[in-house]
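Below: final-v3.cif (mmCIF, C-alpha atoms and all ligand atoms)
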```cif
data_work
#
loop_
_atom_site.label_atom_id
_atom_site.label_comp_id
_atom_site.auth_asym_id
_atom_site.auth_seq_id
_atom_site.Cartn_x
_atom_site.Cartn_y
_atom_site.Cartn_z
CA MET A 13 188.22 20.04 -54.11
CA VAL A 14 185.77 18.20 -51.88
CA GLY A 15 183.98 21.51 -51.29
CA PHE A 16 183.85 22.13 -55.03
CA TRP A 17 182.24 18.78 -55.81
CA LYS A 18 179.80 19.26 -52.95
CA ARG A 19 178.75 22.61 -54.44
CA VAL A 20 178.32 21.00 -57.87
CA LYS A 21 176.25 18.21 -56.33
CA ASP A 22 174.14 20.66 -54.29
CA THR A 23 173.41 22.67 -57.44
CA LEU A 24 172.43 19.65 -59.50
CA LEU A 25 170.79 17.77 -56.65
CA PRO A 26 169.86 20.22 -53.92
CA PRO A 27 169.44 18.56 -50.51
CA ARG A 28 165.91 17.82 -49.40
CA CYS A 29 164.31 17.29 -46.02
CA ILE A 30 164.31 13.57 -45.28
CA CYS A 31 160.76 13.82 -43.87
CA CYS A 32 158.79 15.91 -46.36
CA GLY A 33 161.10 16.38 -49.35
CA GLU A 34 161.21 20.18 -49.01
CA TYR A 35 164.47 21.78 -50.24
CA VAL A 36 166.82 22.50 -47.36
CA GLU A 37 170.25 24.10 -46.98
CA LYS A 38 171.87 21.04 -45.44
CA VAL A 39 170.78 17.40 -45.70
CA GLY A 40 168.58 16.59 -42.72
CA VAL A 41 165.20 17.65 -41.41
CA CYS A 42 163.54 21.00 -42.34
CA ASP A 43 162.47 23.42 -39.57
CA ASN A 44 158.84 22.47 -39.99
CA CYS A 45 159.42 18.74 -39.56
CA TRP A 46 161.97 19.36 -36.80
CA GLY A 47 159.17 20.92 -34.76
CA GLY A 48 156.98 17.88 -35.35
CA ILE A 49 159.43 15.41 -33.85
CA LYS A 50 159.52 14.71 -30.11
CA TRP A 51 163.23 14.98 -29.32
CA ILE A 52 164.18 13.33 -26.05
CA SER A 53 165.79 15.66 -23.52
CA GLU A 54 165.84 16.06 -19.74
CA PRO A 55 164.07 15.07 -17.56
CA LYS A 56 164.43 11.39 -18.34
CA CYS A 57 165.09 8.10 -16.58
CA LYS A 58 168.79 7.86 -15.75
CA ILE A 59 168.88 4.20 -16.77
CA CYS A 60 166.59 3.55 -19.71
CA GLY A 61 166.32 7.12 -21.01
CA GLN A 62 162.52 7.37 -21.10
CA PRO A 63 161.33 10.96 -20.91
CA ILE A 64 159.80 10.97 -17.44
CA GLU A 65 159.88 13.22 -14.37
CA ASP A 66 161.29 10.61 -11.96
CA GLU A 67 165.04 10.02 -11.76
CA ILE A 68 164.50 6.31 -12.34
CA CYS A 69 161.28 5.09 -13.94
CA LYS A 70 159.04 2.44 -12.38
CA TYR A 71 160.02 0.00 -15.09
CA CYS A 72 163.72 0.25 -14.22
CA ILE A 73 163.07 0.05 -10.47
CA ALA A 74 161.04 -3.13 -10.92
CA ASP A 75 163.24 -4.76 -13.48
CA GLU A 76 166.76 -6.06 -13.66
CA ASN A 77 168.62 -4.09 -16.27
CA PHE A 78 171.87 -5.48 -17.51
CA PHE A 79 172.72 -2.39 -19.52
CA ASP A 80 174.04 0.53 -17.51
CA ARG A 81 172.36 3.27 -19.45
CA ALA A 82 170.28 3.66 -22.59
CA VAL A 83 169.87 6.87 -24.55
CA SER A 84 167.67 7.66 -27.55
CA VAL A 85 167.34 10.60 -29.88
CA MET A 86 163.56 10.81 -30.36
CA VAL A 87 160.22 9.32 -29.35
CA TYR A 88 159.06 6.61 -31.77
CA GLU A 89 155.82 8.16 -32.99
CA GLY A 90 154.51 10.32 -35.83
CA LEU A 91 157.27 11.69 -38.05
CA ALA A 92 160.00 9.85 -36.14
CA ARG A 93 158.26 6.55 -36.78
CA HIS A 94 157.88 7.45 -40.43
CA LEU A 95 161.64 8.16 -40.64
CA ILE A 96 162.58 4.86 -39.02
CA LEU A 97 160.29 2.91 -41.33
CA LYS A 98 161.84 4.63 -44.35
CA PHE A 99 165.28 3.83 -42.97
CA LYS A 100 164.37 0.14 -42.79
CA ASP A 101 162.84 0.21 -46.22
CA CYS A 102 165.06 2.20 -48.53
CA GLU A 103 167.68 4.92 -48.79
CA ALA A 104 169.29 3.47 -45.70
CA THR A 105 172.70 4.99 -46.38
CA LEU A 106 171.40 8.56 -46.43
CA TYR A 107 169.37 8.01 -43.27
CA ALA A 108 172.24 6.24 -41.52
CA SER A 109 174.55 9.22 -42.01
CA ILE A 110 171.97 11.62 -40.55
CA PHE A 111 170.94 9.36 -37.68
CA ALA A 112 174.60 8.76 -36.81
CA LYS A 113 175.12 12.51 -36.40
CA TRP A 114 172.25 12.58 -33.92
CA LEU A 115 173.54 9.49 -32.09
CA ASN A 116 177.01 10.98 -31.87
CA ARG A 117 175.53 13.96 -30.03
CA ILE A 118 173.71 11.91 -27.39
CA ILE A 119 176.66 9.65 -26.54
CA GLN A 120 179.06 12.48 -25.73
CA ASP A 121 178.62 12.05 -21.92
CA PHE A 122 180.20 8.59 -21.99
CA LEU A 123 181.98 8.49 -25.36
CA GLU A 124 185.46 8.41 -23.83
CA GLU A 125 184.69 5.25 -21.88
CA ILE A 126 183.67 3.20 -24.92
CA ASP A 127 185.91 0.48 -26.35
CA PHE A 128 183.65 -1.02 -29.02
CA ILE A 129 180.52 -0.11 -30.97
CA VAL A 130 178.41 -3.23 -31.48
CA PRO A 131 175.21 -3.44 -33.55
CA VAL A 132 172.26 -5.54 -32.39
CA PRO A 133 172.56 -8.37 -34.92
CA ILE A 134 169.76 -9.57 -37.17
CA SER A 135 169.31 -13.11 -38.41
CA PHE A 136 170.89 -14.34 -41.61
CA LYS A 137 167.44 -14.90 -43.09
CA ARG A 138 166.25 -11.39 -42.40
CA ARG A 139 169.55 -9.97 -43.53
CA PHE A 140 169.30 -11.91 -46.76
CA LYS A 141 165.80 -10.56 -47.35
CA ARG A 142 166.81 -6.98 -46.61
CA LYS A 143 170.26 -7.25 -48.20
CA TYR A 144 171.81 -5.40 -45.26
CA ASN A 145 171.47 -4.77 -41.55
CA GLN A 146 170.62 -1.10 -41.31
CA THR A 147 171.99 -0.99 -37.79
CA GLU A 148 175.41 -1.93 -39.16
CA LEU A 149 175.21 1.04 -41.53
CA LEU A 150 174.44 3.24 -38.53
CA CYS A 151 177.48 1.90 -36.67
CA ILE A 152 179.77 2.45 -39.67
CA GLU A 153 178.65 6.08 -39.93
CA LEU A 154 178.98 6.53 -36.15
CA GLN A 155 182.48 5.10 -36.26
CA LYS A 156 183.47 7.71 -38.87
CA LEU A 157 182.12 10.55 -36.74
CA SER A 158 183.19 9.41 -33.28
CA GLY A 159 186.45 7.59 -33.99
CA LEU A 160 185.18 4.65 -31.90
CA LYS A 161 186.06 1.11 -32.89
CA TYR A 162 183.27 -0.71 -34.69
CA SER A 163 183.18 -4.41 -33.92
CA PRO A 164 180.28 -6.25 -35.57
CA GLU A 165 181.74 -9.69 -34.80
CA ILE A 166 181.26 -9.51 -31.02
CA LEU A 167 177.55 -10.34 -30.87
CA ILE A 168 176.12 -13.11 -33.00
CA LYS A 169 172.50 -13.91 -33.76
CA SER A 170 172.55 -17.59 -32.94
CA LYS A 171 168.98 -18.66 -33.41
CA GLU A 172 166.10 -17.64 -35.63
CA THR A 173 163.50 -16.10 -33.34
CA ALA A 174 159.78 -15.72 -33.89
CA MET A 175 158.80 -12.13 -34.60
CA GLN A 176 158.70 -10.61 -31.15
CA LYS A 177 155.48 -8.65 -31.51
CA SER A 178 153.19 -11.61 -30.99
CA LEU A 179 154.77 -12.77 -27.73
CA ASN A 180 154.15 -11.66 -24.17
CA ARG A 181 156.92 -10.15 -22.08
CA GLU A 182 158.17 -13.29 -20.33
CA ARG A 183 158.13 -15.33 -23.53
CA ARG A 184 160.06 -12.60 -25.30
CA ARG A 185 162.71 -12.73 -22.59
CA GLN A 186 163.13 -16.49 -22.76
CA ASN A 187 163.22 -16.38 -26.50
CA LEU A 188 165.73 -13.57 -26.64
CA ARG A 189 168.17 -15.05 -24.17
CA LYS A 190 168.66 -18.00 -26.47
CA SER A 191 168.82 -16.05 -29.69
CA PHE A 192 172.15 -14.23 -29.30
CA SER A 193 175.62 -15.31 -28.33
CA VAL A 194 178.98 -13.65 -27.80
CA ASN A 195 181.87 -14.54 -30.08
CA GLU A 196 184.41 -16.25 -27.83
CA LYS A 197 187.25 -15.43 -30.19
CA ILE A 198 187.13 -11.77 -29.19
CA SER A 199 187.96 -10.87 -25.59
CA ILE A 200 185.69 -8.23 -24.15
CA LYS A 201 186.90 -8.64 -20.58
CA ASP A 202 186.68 -5.30 -18.76
CA LYS A 203 185.67 -3.58 -21.99
CA VAL A 204 182.93 -0.99 -22.34
CA ILE A 205 180.46 -1.70 -25.11
CA LEU A 206 178.12 0.67 -26.89
CA LEU A 207 175.22 -1.31 -28.29
CA ILE A 208 173.42 0.29 -31.24
CA ASP A 209 169.90 -0.31 -32.50
CA ASP A 210 167.41 1.75 -34.49
CA VAL A 211 164.52 1.49 -32.03
CA ILE A 212 164.25 0.43 -28.41
CA THR A 213 160.80 -0.92 -27.62
CA THR A 214 160.48 -2.70 -24.28
CA GLY A 215 164.25 -2.82 -23.88
CA ALA A 216 164.13 -6.62 -23.83
CA THR A 217 166.44 -7.09 -26.82
CA ALA A 218 168.99 -4.59 -25.50
CA ASN A 219 168.76 -6.23 -22.08
CA ALA A 220 169.30 -9.75 -23.45
CA CYS A 221 172.34 -8.58 -25.43
CA ALA A 222 173.69 -6.66 -22.42
CA GLU A 223 173.24 -9.71 -20.19
CA LEU A 224 175.34 -11.83 -22.54
CA LEU A 225 178.00 -9.15 -22.95
CA LYS A 226 178.28 -8.73 -19.17
CA LYS A 227 178.52 -12.49 -18.66
CA ALA A 228 181.33 -12.54 -21.22
CA GLY A 229 183.21 -10.00 -19.11
CA ALA A 230 182.17 -6.56 -20.38
CA SER A 231 182.45 -4.04 -17.55
CA LYS A 232 179.75 -1.71 -18.86
CA VAL A 233 177.14 -1.76 -21.60
CA TYR A 234 175.64 1.44 -22.94
CA VAL A 235 172.78 1.41 -25.41
CA ALA A 236 172.07 4.13 -27.96
CA THR A 237 169.10 4.07 -30.32
CA VAL A 238 167.67 6.53 -32.79
CA ALA A 239 164.16 6.20 -31.39
CA ARG A 240 162.41 4.77 -28.37
CA VAL A 241 158.88 3.65 -27.68
CA ILE A 242 157.36 5.24 -24.61
CA LEU A 243 156.11 2.54 -22.28
CA LYS A 244 152.69 3.64 -21.11
CA SER A 245 152.94 1.49 -18.00
CA THR A 246 155.90 3.58 -16.88
CA ILE A 247 153.81 6.71 -16.80
CA SER A 248 150.57 5.47 -15.25
CA ASN A 249 150.52 3.45 -12.04
CA PRO A 250 151.39 -0.21 -12.64
ZN ZN B 1 160.41 18.58 -43.78
ZN ZN B 2 163.86 3.62 -16.86
#
```
Before we go any further, please render this structure as structure tokens.
Amino acid sequence: MVGFWKRVKDTLLPPRCICCGEYVEKVGVCDNCWGGIKWISEPKCKICGQPIEDEICKYCIADENFFDRAVSVMVYEGLARHLILKFKDCEATLYASIFAKWLNRIIQDFLEEIDFIVPVPISFKRRFKRKYNQTELLCIELQKLSGLKYSPEILIKSKETAMQKSLNRERRRQNLRKSFSVNEKISIKDKVILLIDDVITTGATANACAELLKKAGASKVYVATVARVILKSTISNP
């Protein structure tokens, strides 16, 4: 019956490419757009997942990472950036289901270790403005696909932070450390957490969340994001 209704729906509303709107067989990205996205594959940094020749990038060597490993589906530029912006803006449910499929593929290496999926929380104010946290939608879809336990109550946004873009790296760190907290009512001792976000930029947010989760007893923190910004300083000499 489900198949029947899907056929009816596909006839009345044929699936379109989420990038360009071209008709496609299955909901997702058409071949043309697929070729225009930089998908992240090997070689990449074993810790932060940046596509780079070295085993561990200069950024990860120099910096203290509290997360054990971060993985991302695509490089945040061009079409990928366009997709993420659309995801934040509208049609979030459709995008979440497609992005979750991609995320589910890149977490397979460590999926069996994971106890909880946790979204990077957004503030009440921003949530109110947007009506939802799109990262939560991603987690819900990922839970359906992976069978992992989704636990949005573990991490709490405790303080309204200034928009991060305008701050330098050290200020961002200080600011971030204070802006999240771990819910003490839920024990995460010796648990493995998969932190989900749409984009990883400098990794500072993921790192601040991972630091708190580790301090609260988590044994490992993995991070999975749909897209990641390539840090230019990692490629050229610092
Ligand atoms: Zn397309
Ligand atoms: Zn790295």
Show me a table, sorted first by chain and then by increasing residue number, of the residues of chain A having an atom at most 7 Å from ligand ZN 1 (chain B), each with its shortest atom pair and the distance in Å to one decimal, counting all atoms listed in the file and written as a tab-separated table.
```
residue	atom	partner	partner_atom	distance
A:Cys29	CA	B:ZN1	ZN	4.7
A:Ile30	CA	B:ZN1	ZN	6.5
A:Cys31	CA	B:ZN1	ZN	4.8
A:Cys32	CA	B:ZN1	ZN	4.1
A:Gly33	CA	B:ZN1	ZN	6.0
A:Glu34	CA	B:ZN1	ZN	5.5
A:Val41	CA	B:ZN1	ZN	5.4
A:Cys42	CA	B:ZN1	ZN	4.2
A:Asp43	CA	B:ZN1	ZN	6.7
A:Asn44	CA	B:ZN1	ZN	5.7
A:Cys45	CA	B:ZN1	ZN	4.3
```
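Atom pair CA of Lys190 (chain A) / CA of Arg93 (chain A): separated by 28.6 Å.
What separates CA of Leu123 (chain A) from CA of Leu154 (chain A) is a distance of 11.4 Å.
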Next item on the list: Find the spatial neighbours of Thr217 (chain A), counting only C-alpha atoms, within a cut-off of 9 Å - ignore same-chain residues fewer than 3 positions away - and output them as an MDAnalysis selection string.
Entry: chainID A and resid 132 184:185 188:189 212:214 220:222
Note to self: Please identify all protein, DNA and RNA residues within 10 Å of ligand ZN 2 (chain B), counting only C-alpha atoms and all ligand atoms, and report them as a ChimeraX atom specification.
What the structure shows: /A:56-64,66-75,77,81-82,215,243,246
Next item on the list: Using CA of Ser191 (chain A) and CA of Val235 (chain A) as the two end points, give the distance in Å to one decimal.
Entry: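 Separation between CA of Ser191 (chain A) and CA of Val235 (chain A): 18.4 Å.
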Next item on the list: Could you tell me which of A:Ser109, A:Lys100, A:Ile242, A:Val39 comes closest to Tyr88 (chain A) if we count all atoms listed in the file?
Entry: A:Ile242
Residue completion, region 196-208 of chain A, N, CA and C atoms, as a CSV table (one decimal), in the frame of the given file:
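Below is the file that was written, result.csv:
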```
chain,number,residue,atom,x,y,z
A,196,GLU,N,183.4,-16.0,-28.8
A,196,GLU,CA,184.4,-16.2,-27.8
A,196,GLU,C,185.8,-15.9,-28.3
A,197,LYS,N,185.9,-15.7,-29.6
A,197,LYS,CA,187.2,-15.4,-30.2
A,197,LYS,C,187.7,-14.0,-29.9
A,198,ILE,N,186.8,-13.2,-29.5
A,198,ILE,CA,187.1,-11.8,-29.2
A,198,ILE,C,187.0,-11.5,-27.7
A,199,SER,N,188.1,-11.1,-27.0
A,199,SER,CA,188.0,-10.9,-25.6
A,199,SER,C,187.3,-9.5,-25.3
A,200,ILE,N,186.3,-9.5,-24.5
A,200,ILE,CA,185.7,-8.2,-24.2
A,200,ILE,C,185.8,-8.0,-22.6
A,201,LYS,N,186.7,-8.8,-22.0
A,201,LYS,CA,186.9,-8.6,-20.6
A,201,LYS,C,187.3,-7.2,-20.2
A,202,ASP,N,186.5,-6.7,-19.3
A,202,ASP,CA,186.7,-5.3,-18.8
A,202,ASP,C,186.5,-4.2,-19.8
A,203,LYS,N,185.9,-4.6,-20.9
A,203,LYS,CA,185.7,-3.6,-22.0
A,203,LYS,C,184.3,-2.9,-21.8
A,204,VAL,N,184.2,-1.7,-22.4
A,204,VAL,CA,182.9,-1.0,-22.3
A,204,VAL,C,182.3,-1.0,-23.7
A,205,ILE,N,181.1,-1.5,-23.8
A,205,ILE,CA,180.5,-1.7,-25.1
A,205,ILE,C,179.3,-0.7,-25.3
A,206,LEU,N,179.3,-0.2,-26.5
A,206,LEU,CA,178.1,0.7,-26.9
A,206,LEU,C,177.3,-0.1,-27.9
A,207,LEU,N,176.1,-0.5,-27.5
A,207,LEU,CA,175.2,-1.3,-28.3
A,207,LEU,C,174.3,-0.4,-29.1
A,208,ILE,N,174.2,-0.6,-30.4
A,208,ILE,CA,173.4,0.3,-31.2
A,208,ILE,C,172.2,-0.4,-31.9
```
